[in-house]
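query-v6.cif, holding mmCIF, C-alpha atoms and all ligand atoms:
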data_protein
loop_
_atom_site.group_PDB
_atom_site.id
_atom_site.type_symbol
_atom_site.label_atom_id
_atom_site.label_comp_id
_atom_site.auth_asym_id
_atom_site.auth_seq_id
_atom_site.Cartn_x
_atom_site.Cartn_y
_atom_site.Cartn_z
ATOM 1 C CA MET I 1 -21.458 0.344 -16.751
ATOM 2 C CA ASN I 2 -23.658 2.423 -14.414
ATOM 3 C CA SER I 3 -21.866 5.304 -12.722
ATOM 4 C CA PRO I 4 -20.320 3.777 -9.558
ATOM 5 C CA GLN I 5 -21.252 5.347 -6.221
ATOM 6 C CA ARG I 6 -18.769 3.709 -3.874
ATOM 7 C CA VAL I 7 -15.413 2.890 -5.418
ATOM 8 C CA PHE I 8 -12.879 0.796 -3.472
ATOM 9 C CA VAL I 9 -9.291 1.086 -4.765
ATOM 10 C CA LEU I 10 -6.481 -1.170 -3.520
ATOM 11 C CA THR I 11 -2.990 -0.023 -4.506
ATOM 12 C CA GLY I 12 0.353 -1.818 -4.325
ATOM 13 C CA ALA I 13 3.995 -1.156 -5.074
ATOM 14 C CA GLY I 14 3.356 -0.899 -8.851
ATOM 15 C CA VAL I 15 1.614 2.462 -8.395
ATOM 16 C CA SER I 16 4.843 3.936 -6.973
ATOM 17 C CA ALA I 17 7.242 2.110 -9.333
ATOM 18 C CA GLU I 18 7.481 5.037 -11.751
ATOM 19 C CA SER I 19 8.260 7.329 -8.818
ATOM 20 C CA GLY I 20 11.484 5.322 -8.448
ATOM 21 C CA LEU I 21 10.412 3.175 -5.465
ATOM 22 C CA GLY I 22 11.176 -0.474 -6.122
ATOM 23 C CA THR I 23 8.481 -3.126 -6.223
ATOM 24 C CA PHE I 24 8.959 -6.328 -4.219
ATOM 25 C CA ARG I 25 8.454 -9.300 -6.530
ATOM 26 C CA ASP I 26 9.329 -8.076 -10.026
ATOM 27 C CA ARG I 27 12.644 -9.096 -11.582
ATOM 28 C CA GLY I 28 15.255 -7.020 -9.706
ATOM 29 C CA GLY I 29 12.627 -6.223 -7.025
ATOM 30 C CA ILE I 30 13.380 -5.719 -3.338
ATOM 31 C CA TRP I 31 12.719 -9.349 -2.337
ATOM 32 C CA SER I 32 14.957 -10.652 -5.153
ATOM 33 C CA ARG I 33 17.887 -8.759 -3.595
ATOM 34 C CA PHE I 34 17.026 -9.062 0.099
ATOM 35 C CA ASP I 35 15.545 -11.958 2.084
ATOM 36 C CA PRO I 36 12.225 -10.807 3.600
ATOM 37 C CA MET I 37 12.595 -13.337 6.430
ATOM 38 C CA GLN I 38 15.837 -11.575 7.486
ATOM 39 C CA LEU I 39 14.337 -8.073 7.266
ATOM 40 C CA ALA I 40 10.555 -7.926 7.365
ATOM 41 C CA THR I 41 9.486 -10.026 10.350
ATOM 42 C CA PRO I 42 9.364 -9.193 14.080
ATOM 43 C CA GLU I 43 11.755 -12.141 14.636
ATOM 44 C CA ALA I 44 14.303 -10.609 12.244
ATOM 45 C CA PHE I 45 14.093 -7.310 14.144
ATOM 46 C CA GLY I 46 14.602 -9.174 17.408
ATOM 47 C CA ARG I 47 17.644 -11.055 16.019
ATOM 48 C CA ASP I 48 19.385 -8.202 14.198
ATOM 49 C CA PRO I 49 17.796 -4.775 14.789
ATOM 50 C CA VAL I 50 20.857 -2.960 13.379
ATOM 51 C CA LEU I 51 20.488 -4.684 9.985
ATOM 52 C CA VAL I 52 16.716 -4.068 9.907
ATOM 53 C CA HIS I 53 17.175 -0.384 10.820
ATOM 54 C CA GLU I 54 19.793 0.005 8.045
ATOM 55 C CA PHE I 55 17.397 -1.492 5.485
ATOM 56 C CA TYR I 56 14.480 0.750 6.489
ATOM 57 C CA ASN I 57 16.678 3.849 6.880
ATOM 58 C CA LEU I 58 17.621 3.446 3.188
ATOM 59 C CA ARG I 59 13.989 2.852 2.189
ATOM 60 C CA ARG I 60 12.816 5.895 4.229
ATOM 61 C CA ARG I 61 15.386 8.132 2.513
ATOM 62 C CA GLY I 62 14.153 6.825 -0.862
ATOM 63 C CA VAL I 63 10.536 7.660 -0.019
ATOM 64 C CA ILE I 64 11.449 11.189 1.111
ATOM 65 C CA ALA I 65 13.380 11.766 -2.160
ATOM 66 C CA ALA I 66 10.569 10.399 -4.391
ATOM 67 C CA ALA I 67 7.694 12.377 -5.896
ATOM 68 C CA PRO I 68 4.149 11.276 -6.787
ATOM 69 C CA ASN I 69 3.498 10.289 -10.409
ATOM 70 C CA ALA I 70 0.482 10.673 -12.697
ATOM 71 C CA ALA I 71 -1.250 7.617 -11.207
ATOM 72 C CA HIS I 72 -1.221 9.111 -7.680
ATOM 73 C CA THR I 73 -2.454 12.440 -9.046
ATOM 74 C CA ALA I 74 -5.295 10.788 -10.988
ATOM 75 C CA LEU I 75 -6.470 8.956 -7.855
ATOM 76 C CA ALA I 76 -6.524 12.221 -5.877
ATOM 77 C CA HIS I 77 -8.579 13.764 -8.695
ATOM 78 C CA LEU I 78 -10.972 10.796 -8.628
ATOM 79 C CA GLU I 79 -11.559 11.287 -4.888
ATOM 80 C CA SER I 80 -12.530 14.939 -5.281
ATOM 81 C CA ARG I 81 -14.674 14.392 -8.398
ATOM 82 C CA LEU I 82 -16.596 11.523 -6.799
ATOM 83 C CA GLN I 83 -17.159 13.646 -3.701
ATOM 84 C CA GLN I 84 -18.549 16.489 -5.832
ATOM 85 C CA ARG I 85 -21.052 13.989 -7.281
ATOM 86 C CA GLY I 86 -22.129 12.729 -3.859
ATOM 87 C CA ALA I 87 -20.237 9.468 -4.453
ATOM 88 C CA SER I 88 -17.090 8.285 -2.654
ATOM 89 C CA LEU I 89 -13.666 6.682 -2.999
ATOM 90 C CA PHE I 90 -12.120 4.407 -0.369
ATOM 91 C CA LEU I 91 -8.375 4.306 -1.032
ATOM 92 C CA CYS I 92 -6.650 1.371 0.646
ATOM 93 C CA THR I 93 -2.926 1.069 0.046
ATOM 94 C CA GLN I 94 -0.427 -1.643 0.895
ATOM 95 C CA ASN I 95 2.316 0.920 0.326
ATOM 96 C CA VAL I 96 4.242 2.374 3.238
ATOM 97 C CA ASP I 97 5.128 5.549 1.278
ATOM 98 C CA ASP I 98 3.175 8.828 1.484
ATOM 99 C CA LEU I 99 2.891 9.501 -2.267
ATOM 100 C CA HIS I 100 -0.930 9.281 -2.331
ATOM 101 C CA GLU I 101 -1.126 11.974 0.352
ATOM 102 C CA ARG I 102 1.474 14.141 -1.379
ATOM 103 C CA ALA I 103 -0.538 13.907 -4.615
ATOM 104 C CA GLY I 104 -3.569 15.300 -2.741
ATOM 105 C CA SER I 105 -5.527 12.216 -1.617
ATOM 106 C CA ARG I 106 -7.267 13.213 1.607
ATOM 107 C CA THR I 107 -8.166 9.843 3.095
ATOM 108 C CA VAL I 108 -5.793 6.894 2.700
ATOM 109 C CA SER I 109 -5.951 3.651 4.651
ATOM 110 C CA HIS I 110 -2.389 2.302 5.010
ATOM 111 C CA MET I 111 -2.987 -1.365 5.797
ATOM 112 C CA HIS I 112 0.779 -2.154 5.996
ATOM 113 C CA GLY I 113 1.609 0.972 8.005
ATOM 114 C CA GLU I 114 3.738 3.986 7.144
ATOM 115 C CA ILE I 115 7.516 4.212 6.916
ATOM 116 C CA LEU I 116 7.367 7.894 7.911
ATOM 117 C CA GLU I 117 6.040 6.909 11.342
ATOM 118 C CA ALA I 118 7.870 5.268 14.235
ATOM 119 C CA ARG I 119 6.425 3.221 17.081
ATOM 120 C CA CYS I 120 7.962 2.682 20.510
ATOM 121 C CA LEU I 121 7.856 -0.932 21.666
ATOM 122 C CA GLY I 122 8.203 0.352 25.251
ATOM 123 C CA CYS I 123 5.397 2.910 25.573
ATOM 124 C CA GLU I 124 3.482 2.171 22.281
ATOM 125 C CA ALA I 125 3.607 5.853 21.219
ATOM 126 C CA VAL I 126 3.350 6.346 17.442
ATOM 127 C CA MET I 127 4.856 9.488 15.932
ATOM 128 C CA PRO I 128 5.783 11.007 12.576
ATOM 129 C CA TRP I 129 9.396 10.075 11.766
ATOM 130 C CA ARG I 130 11.662 11.251 8.915
ATOM 131 C CA GLU I 131 15.151 10.633 10.367
ATOM 132 C CA ASP I 132 17.264 7.465 10.441
ATOM 133 C CA LEU I 133 16.515 5.166 13.393
ATOM 134 C CA SER I 134 19.122 3.327 15.460
ATOM 135 C CA LEU I 135 19.328 1.496 18.764
ATOM 136 C CA GLU I 136 20.593 4.745 20.284
ATOM 137 C CA THR I 137 17.582 6.832 19.205
ATOM 138 C CA PRO I 138 15.572 7.845 22.313
ATOM 139 C CA CYS I 139 11.777 7.705 22.141
ATOM 140 C CA PRO I 140 10.491 11.319 22.281
ATOM 141 C CA ALA I 141 7.520 10.141 24.371
ATOM 142 C CA CYS I 142 9.150 7.986 27.111
ATOM 143 C CA GLY I 143 12.842 8.841 26.682
ATOM 144 C CA GLU I 144 13.949 5.189 26.436
ATOM 145 C CA ALA I 145 16.455 4.236 23.702
ATOM 146 C CA GLY I 146 16.362 0.991 21.708
ATOM 147 C CA GLY I 147 12.597 0.526 21.453
ATOM 148 C CA LEU I 148 11.754 2.517 18.324
ATOM 149 C CA ARG I 149 10.836 0.661 15.112
ATOM 150 C CA PRO I 150 9.287 1.721 11.806
ATOM 151 C CA ASP I 151 5.482 1.589 12.185
ATOM 152 C CA ILE I 152 5.016 -0.843 9.332
ATOM 153 C CA VAL I 153 3.431 -4.305 9.170
ATOM 154 C CA TRP I 154 5.870 -7.179 8.869
ATOM 155 C CA PHE I 155 5.045 -10.776 7.904
ATOM 156 C CA GLY I 156 3.147 -12.480 10.692
ATOM 157 C CA GLU I 157 1.853 -9.177 12.085
ATOM 158 C CA MET I 158 -1.764 -8.045 11.883
ATOM 159 C CA PRO I 159 -2.423 -5.516 9.112
ATOM 160 C CA LYS I 160 -4.001 -2.234 10.228
ATOM 161 C CA HIS I 161 -7.558 -0.854 9.846
ATOM 162 C CA LEU I 162 -8.992 -4.257 8.835
ATOM 163 C CA ASP I 163 -12.455 -3.482 10.275
ATOM 164 C CA ILE I 164 -12.790 -0.203 8.369
ATOM 165 C CA ILE I 165 -11.395 -1.791 5.192
ATOM 166 C CA GLY I 166 -13.778 -4.752 5.429
ATOM 167 C CA ALA I 167 -16.784 -2.451 5.926
ATOM 168 C CA ALA I 168 -15.786 -0.269 2.958
ATOM 169 C CA LEU I 169 -15.340 -3.340 0.752
ATOM 170 C CA ARG I 170 -18.781 -4.672 1.643
ATOM 171 C CA GLU I 171 -20.382 -1.315 0.725
ATOM 172 C CA ALA I 172 -18.520 -0.865 -2.580
ATOM 173 C CA ASP I 173 -20.024 -1.200 -6.046
ATOM 174 C CA LEU I 174 -16.665 -1.188 -7.863
ATOM 175 C CA PHE I 175 -13.364 -2.783 -6.721
ATOM 176 C CA VAL I 176 -10.175 -1.710 -8.510
ATOM 177 C CA ALA I 177 -6.729 -3.222 -7.776
ATOM 178 C CA ILE I 178 -3.756 -1.225 -9.051
ATOM 179 C CA GLY I 179 -0.104 -2.330 -9.205
ATOM 180 C CA THR I 180 -0.280 -5.272 -6.844
ATOM 181 C CA SER I 181 0.862 -8.846 -7.525
ATOM 182 C CA GLY I 182 -1.853 -10.470 -5.415
ATOM 183 C CA ALA I 183 0.779 -12.447 -3.487
ATOM 184 C CA VAL I 184 0.263 -11.113 0.048
ATOM 185 C CA TYR I 185 -2.786 -11.805 2.219
ATOM 186 C CA PRO I 186 -5.193 -10.574 3.425
ATOM 187 C CA ALA I 187 -5.106 -7.934 0.608
ATOM 188 C CA ALA I 188 -4.759 -10.648 -2.051
ATOM 189 C CA GLY I 189 -8.104 -12.087 -0.931
ATOM 190 C CA TYR I 190 -10.109 -8.876 -1.399
ATOM 191 C CA VAL I 191 -10.904 -9.458 -5.083
ATOM 192 C CA ALA I 192 -12.440 -12.869 -4.328
ATOM 193 C CA GLN I 193 -14.450 -11.333 -1.464
ATOM 194 C CA ALA I 194 -15.630 -8.534 -3.767
ATOM 195 C CA ARG I 195 -16.733 -11.006 -6.428
ATOM 196 C CA ALA I 196 -18.554 -13.142 -3.880
ATOM 197 C CA LEU I 197 -20.469 -9.980 -2.900
ATOM 198 C CA GLY I 198 -21.385 -9.306 -6.535
ATOM 199 C CA ILE I 199 -19.125 -6.238 -6.774
ATOM 200 C CA ARG I 200 -17.660 -5.458 -10.198
ATOM 201 C CA THR I 201 -13.869 -5.947 -10.197
ATOM 202 C CA CYS I 202 -11.118 -4.420 -12.317
ATOM 203 C CA GLU I 203 -7.343 -4.865 -12.389
ATOM 204 C CA LEU I 204 -4.887 -2.177 -13.557
ATOM 205 C CA ASN I 205 -1.367 -3.582 -13.647
ATOM 206 C CA LEU I 206 1.757 -3.865 -15.760
ATOM 207 C CA GLU I 207 0.966 -7.517 -16.401
ATOM 208 C CA PRO I 208 -1.621 -10.076 -15.186
ATOM 209 C CA SER I 209 -1.311 -10.555 -11.411
ATOM 210 C CA ASP I 210 -1.560 -13.863 -9.517
ATOM 211 C CA ASN I 211 -5.277 -13.046 -9.148
ATOM 212 C CA ALA I 212 -5.967 -12.050 -12.755
ATOM 213 C CA ALA I 213 -8.599 -14.766 -13.246
ATOM 214 C CA HIS I 214 -10.800 -13.228 -10.516
ATOM 215 C CA PHE I 215 -11.245 -9.853 -12.251
ATOM 216 C CA ASP I 216 -14.170 -8.964 -14.519
ATOM 217 C CA GLU I 217 -11.952 -6.651 -16.548
ATOM 218 C CA ALA I 218 -8.318 -5.611 -16.787
ATOM 219 C CA ARG I 219 -6.154 -2.948 -18.371
ATOM 220 C CA TYR I 220 -2.431 -3.613 -18.635
ATOM 221 C CA GLY I 221 0.371 -1.066 -18.912
ATOM 222 C CA PRO I 222 2.352 1.345 -16.717
ATOM 223 C CA ALA I 223 0.265 2.873 -13.921
ATOM 224 C CA SER I 224 1.163 6.432 -14.986
ATOM 225 C CA VAL I 225 -0.661 5.775 -18.279
ATOM 226 C CA VAL I 226 -3.357 3.218 -17.482
ATOM 227 C CA VAL I 227 -4.647 4.786 -14.247
ATOM 228 C CA PRO I 228 -5.320 8.312 -15.630
ATOM 229 C CA GLU I 229 -6.956 6.751 -18.731
ATOM 230 C CA PHE I 230 -9.168 4.464 -16.655
ATOM 231 C CA ILE I 231 -10.177 7.291 -14.291
ATOM 232 C CA ALA I 232 -11.019 9.634 -17.178
ATOM 233 C CA TRP I 233 -13.200 6.858 -18.638
ATOM 234 C CA LEU I 234 -14.822 6.143 -15.266
ATOM 235 C CA LEU I 235 -15.706 9.802 -14.721
ATOM 236 C CA GLU I 236 -17.354 9.955 -18.138
ATOM 237 C CA THR I 237 -19.708 7.049 -17.336
HETATM 238 C C1 LIG H 301 3.368 -2.163 -12.089
HETATM 239 C C2 LIG H 301 4.382 -1.311 -12.481
HETATM 240 C C3 LIG H 301 3.989 -0.124 -13.104
HETATM 241 C C4 LIG H 301 5.313 -3.005 -11.597
HETATM 242 N N1 LIG H 301 2.695 0.132 -13.278
HETATM 243 N N2 LIG H 301 2.082 -1.887 -12.275
HETATM 244 C C5 LIG H 301 -3.122 -16.910 3.425
HETATM 245 C C6 LIG H 301 -2.452 -17.750 2.589
HETATM 246 C C7 LIG H 301 -1.054 -17.792 2.606
HETATM 247 C C8 LIG H 301 -0.314 -16.986 3.466
HETATM 248 C C9 LIG H 301 -0.984 -16.147 4.293
HETATM 249 C C10 LIG H 301 -2.356 -16.098 4.266
HETATM 250 N N3 LIG H 301 -2.763 -15.180 5.180
HETATM 251 C C11 LIG H 301 -1.669 -14.634 5.737
HETATM 252 C C12 LIG H 301 -0.560 -15.192 5.233
HETATM 253 C C13 LIG H 301 0.842 -14.844 5.617
HETATM 254 C C14 LIG H 301 1.377 -13.600 4.974
HETATM 255 C C15 LIG H 301 1.348 -13.777 3.463
HETATM 256 O O1 LIG H 301 0.478 -13.299 2.759
HETATM 257 N N4 LIG H 301 2.354 -14.416 2.929
HETATM 258 C C16 LIG H 301 2.446 -14.613 1.477
HETATM 259 C C17 LIG H 301 3.854 -14.245 1.035
HETATM 260 C C18 LIG H 301 2.004 -15.982 1.119
HETATM 261 N N5 LIG H 301 0.654 -12.390 5.380
HETATM 262 C C19 LIG H 301 0.972 -11.744 6.490
HETATM 263 O O2 LIG H 301 1.832 -12.153 7.254
HETATM 264 C C20 LIG H 301 0.180 -10.494 6.818
HETATM 265 N N6 LIG H 301 -0.385 -10.609 8.115
HETATM 266 C C21 LIG H 301 -1.381 -11.442 8.373
HETATM 267 O O3 LIG H 301 -1.856 -12.152 7.519
HETATM 268 O O4 LIG H 301 -1.837 -11.402 9.687
HETATM 269 C C22 LIG H 301 -2.762 -12.399 10.121
HETATM 270 C C23 LIG H 301 -4.197 -12.187 9.705
HETATM 271 C C24 LIG H 301 -5.114 -13.130 10.069
HETATM 272 C C25 LIG H 301 -6.441 -12.999 9.720
HETATM 273 C C26 LIG H 301 -6.876 -11.897 9.002
HETATM 274 C C27 LIG H 301 -5.975 -10.969 8.655
HETATM 275 C C28 LIG H 301 -4.650 -11.102 9.013
HETATM 276 C C29 LIG H 301 1.105 -9.271 6.860
HETATM 277 C C30 LIG H 301 1.688 -8.968 5.524
HETATM 278 C C31 LIG H 301 2.705 -7.832 5.651
HETATM 279 C C32 LIG H 301 3.369 -7.538 4.328
HETATM 280 N N7 LIG H 301 4.466 -6.657 4.534
HETATM 281 C C33 LIG H 301 5.188 -6.159 3.366
HETATM 282 C C34 LIG H 301 6.396 -5.359 3.869
HETATM 283 C C35 LIG H 301 5.947 -4.014 4.452
HETATM 284 C C36 LIG H 301 7.094 -3.169 4.866
HETATM 285 C C37 LIG H 301 8.065 -2.859 3.771
HETATM 286 O O5 LIG H 301 7.708 -2.101 2.844
HETATM 287 O O6 LIG H 301 9.174 -3.394 3.823
HETATM 288 O O7 LIG H 301 4.317 -5.355 2.562
HETATM 289 S S1 LIG H 301 5.730 -7.433 2.233
HETATM 290 C C38 LIG H 301 5.445 -6.503 0.766
HETATM 291 O O8 LIG H 301 4.404 -7.158 -0.012
HETATM 292 C C39 LIG H 301 4.855 -5.158 1.239
HETATM 293 C C40 LIG H 301 3.744 -4.953 0.249
HETATM 294 O O9 LIG H 301 2.776 -4.056 0.760
HETATM 295 C C41 LIG H 301 3.225 -6.348 0.015
HETATM 296 C C42 LIG H 301 2.449 -6.520 -1.260
HETATM 297 O O10 LIG H 301 3.273 -6.338 -2.390
HETATM 298 P P1 LIG H 301 2.724 -5.609 -3.689
HETATM 299 O O11 LIG H 301 2.374 -4.217 -3.350
HETATM 300 O O12 LIG H 301 1.681 -6.433 -4.334
HETATM 301 O O13 LIG H 301 4.058 -5.539 -4.593
HETATM 302 P P2 LIG H 301 4.659 -6.657 -5.583
HETATM 303 O O14 LIG H 301 6.074 -6.303 -5.829
HETATM 304 O O15 LIG H 301 4.376 -8.023 -5.106
HETATM 305 O O16 LIG H 301 3.805 -6.443 -6.923
HETATM 306 C C43 LIG H 301 3.949 -5.270 -7.700
HETATM 307 C C44 LIG H 301 2.996 -5.365 -8.885
HETATM 308 O O17 LIG H 301 3.069 -4.138 -9.595
HETATM 309 C C45 LIG H 301 3.362 -6.483 -9.882
HETATM 310 O O18 LIG H 301 2.188 -7.192 -10.241
HETATM 311 C C46 LIG H 301 3.930 -5.737 -11.102
HETATM 312 O O19 LIG H 301 3.602 -6.346 -12.341
HETATM 313 C C47 LIG H 301 3.228 -4.404 -10.988
HETATM 314 N N8 LIG H 301 3.990 -3.289 -11.549
HETATM 315 N N9 LIG H 301 5.605 -1.916 -12.190
HETATM 316 C C48 LIG H 301 1.772 -0.798 -12.878
HETATM 317 N N10 LIG H 301 4.920 0.775 -13.551
#
What does the file become when written as structure tokens?
Amino acid sequence: MNSPQRVFVLTGAGVSAESGLGTFRDRGGIWSRFDPMQLATPEAFGRDPVLVHEFYNLRRRGVIAAAPNAAHTALAHLESRLQQRGASLFLCTQNVDDLHERAGSRTVSHMHGEILEARCLGCEAVMPWREDLSLETPCPACGEAGGLRPDIVWFGEMPKHLDIIGAALREADLFVAIGTSGAVYPAAGYVAQARALGIRTCELNLEPSDNAAHFDEARYGPASVVVPEFIAWLLET
């Protein structure tokens, strides 16, 4: 393979699994224990905001307690090495945690938002947020209580940064999906778009994803092993 100049990486919950953050669709995963339609839609938040806040308060505490693993660190290393060579990495994550940033990645596109940010439904202010949220929490920007929600993307809501992500995908010469089941759109459609554009595609996952047939190559195993190995190989090419 020629040395890639513009690498597009899409990460999912599998990259943070070994940091202790649960995946969604694996056996014992978050959506096998909780109904996403009762927790991860704007309608669910409208019906029962107390329940939704409880769920995300627990998840936020888990993210704060977690630490990046070797896969996050390897991706941060890839970004700086590609930059030194005059090449680039576009890191797009579906994850709402901040483990890529804490491992040293400088630019991360969080298409499903960030659990460590809150948004006010009243004044639309978005702010960093590490505490529990409740209906009593006043918005620091407008002072109103009851309007704050985690700034994450629920089912039926528009993912973030889609224009920037689409442009980066079109310019890429290598597309790598890591630790994602390929079950949630629009992210699940990126590999097919990449292939249609003639971009080389690679999957790094514990096991074949729903989209496995679309990838030119694949390496299977835990992200903490497979990602550093793949990146070391890529940087040697
Ligand atoms: C390991 C590992 C280890 C484990 N090492 N690997 C087209 C067709 C059908 C439906 C739709 C469609 N277009 C839109 C929809 C509707 C919907 C959708 O996709 N539904 C599907 C369920 C069918 N999509 C939406 O509603 C999205 N919005 C939207 O489409 O807006 C309209 C639009 C129109 C036009 C253009 C663009 C948009 C919004 C989706 C929001 C998803 N939100 C969630 C919750 C976020 C907040 C929270 O965290 O609670 O995001 S759902 C959940 O799934 C979360 C994740 O980011 C997302 C993806 O999951 P991910 O990361 O793939 O995790 P898993 O668990 O599924 O997979 C983990 C993988 O890791 C597995 O493969 C394991 O094997 C592997 N693994 N351990 C390596 N150690």
Can you list every residue of region 137-180 of chain I that has an atom at most 10 Å from region 34-48 of chain I, with its nearest atom pair and the distance in Å to one decimal, using all atoms listed in the file, ordered by chain then number, as CSV?
residue,atom,partner,partner_atom,distance
I:Arg149,CA,I:Phe45,CA,8.7
I:Ile152,CA,I:Ala40,CA,9.2
I:Val153,CA,I:Ala40,CA,8.2
I:Trp154,CA,I:Thr41,CA,4.8
I:Phe155,CA,I:Thr41,CA,5.1
I:Gly156,CA,I:Thr41,CA,6.8
I:Glu157,CA,I:Pro42,CA,7.8
Find the distance between atom C34 of ligand LIG 301 (chain H) and CA of Val96 (chain I) and write it in Å to one decimal.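 Pair atom C34 of ligand LIG 301 (chain H) / CA of Val96 (chain I) returns 8.1 Å.
Coordinates place CA of Tyr220 (chain I) at a distance of 25.6 Å from atom C7 of ligand LIG 301 (chain H).
A straight line drawn from CA of Asn95 (chain I) to CA of Leu10 (chain I) is 9.8 Å long.
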Name the residues, by chain letter and number, that sit within 8 Å of ligand LIG 301 (chain H) using all atoms listed in the file, and give them as JSON, numbers by chain. {"I": [11, 12, 13, 14, 15, 16, 17, 18, 22, 23, 24, 25, 26, 29, 30, 36, 39, 40, 56, 93, 94, 95, 96, 112, 113, 115, 152, 153, 154, 155, 156, 157, 158, 159, 162, 178, 179, 180, 181, 182, 183, 184, 185, 186, 187, 188, 204, 205, 206, 207, 208, 209, 210, 220, 221, 222, 223, 224, 226]}
Per residue of region 23-97 of chain I within 12 Å of region 125-142 of chain I, which atom pair is closest and at what distance in Å (one decimal), using only C-alpha atoms, listed by chain and increasing number, as a Markdown table?
| residue | atom | partner | partner_atom | distance |
| --- | --- | --- | --- | --- |
| I:Phe45 | CA | I:Leu135 | CA | 11.2 |
| I:Gly46 | CA | I:Leu135 | CA | 11.7 |
| I:Asp48 | CA | I:Leu135 | CA | 10.7 |
| I:Pro49 | CA | I:Leu135 | CA | 7.6 |
| I:Val50 | CA | I:Ser134 | CA | 6.8 |
| I:Leu51 | CA | I:Ser134 | CA | 9.8 |
| I:Val52 | CA | I:Ser134 | CA | 9.6 |
| I:His53 | CA | I:Leu133 | CA | 6.2 |
| I:Glu54 | CA | I:Leu133 | CA | 8.1 |
| I:Phe55 | CA | I:Asp132 | CA | 10.2 |
| I:Tyr56 | CA | I:Asp132 | CA | 8.3 |
| I:Asn57 | CA | I:Asp132 | CA | 5.1 |
| I:Leu58 | CA | I:Asp132 | CA | 8.3 |
| I:Arg59 | CA | I:Asp132 | CA | 10.0 |
| I:Arg60 | CA | I:Arg130 | CA | 7.2 |
| I:Arg61 | CA | I:Arg130 | CA | 8.0 |
| I:Gly62 | CA | I:Arg130 | CA | 11.0 |
| I:Val63 | CA | I:Arg130 | CA | 9.7 |
| I:Ile64 | CA | I:Arg130 | CA | 7.8 |
| I:Ala65 | CA | I:Arg130 | CA | 11.2 |
| I:Asp97 | CA | I:Arg130 | CA | 11.6 |
Can you write out the residues you just picked, keeping C-alpha atoms, as a PDB file, in the coordinates of the input?
ATOM      1  CA  PHE I  45      14.093  -7.310  14.144  1.00  0.00           C
ATOM      2  CA  GLY I  46      14.602  -9.174  17.408  1.00  0.00           C
ATOM      3  CA  ASP I  48      19.385  -8.202  14.198  1.00  0.00           C
ATOM      4  CA  PRO I  49      17.796  -4.775  14.789  1.00  0.00           C
ATOM      5  CA  VAL I  50      20.857  -2.960  13.379  1.00  0.00           C
ATOM      6  CA  LEU I  51      20.488  -4.684   9.985  1.00  0.00           C
ATOM      7  CA  VAL I  52      16.716  -4.068   9.907  1.00  0.00           C
ATOM      8  CA  HIS I  53      17.175  -0.384  10.820  1.00  0.00           C
ATOM      9  CA  GLU I  54      19.793   0.005   8.045  1.00  0.00           C
ATOM     10  CA  PHE I  55      17.397  -1.492   5.485  1.00  0.00           C
ATOM     11  CA  TYR I  56      14.480   0.750   6.489  1.00  0.00           C
ATOM     12  CA  ASN I  57      16.678   3.849   6.880  1.00  0.00           C
ATOM     13  CA  LEU I  58      17.621   3.446   3.188  1.00  0.00           C
ATOM     14  CA  ARG I  59      13.989   2.852   2.189  1.00  0.00           C
ATOM     15  CA  ARG I  60      12.816   5.895   4.229  1.00  0.00           C
ATOM     16  CA  ARG I  61      15.386   8.132   2.513  1.00  0.00           C
ATOM     17  CA  GLY I  62      14.153   6.825  -0.862  1.00  0.00           C
ATOM     18  CA  VAL I  63      10.536   7.660  -0.019  1.00  0.00           C
ATOM     19  CA  ILE I  64      11.449  11.189   1.111  1.00  0.00           C
ATOM     20  CA  ALA I  65      13.380  11.766  -2.160  1.00  0.00           C
ATOM     21  CA  ASP I  97       5.128   5.549   1.278  1.00  0.00           C
TER      22      ASP I  97
END
Extending 3 Å beyond the listed atoms of region 58-77 of chain I on each side, what axis-aligned box results? I want centre and edge lengths in Å to one decimal, as JSON.
{"center_x": 4.5, "center_y": 8.3, "center_z": -4.2, "size_x": 32.2, "size_y": 16.9, "size_z": 22.9}
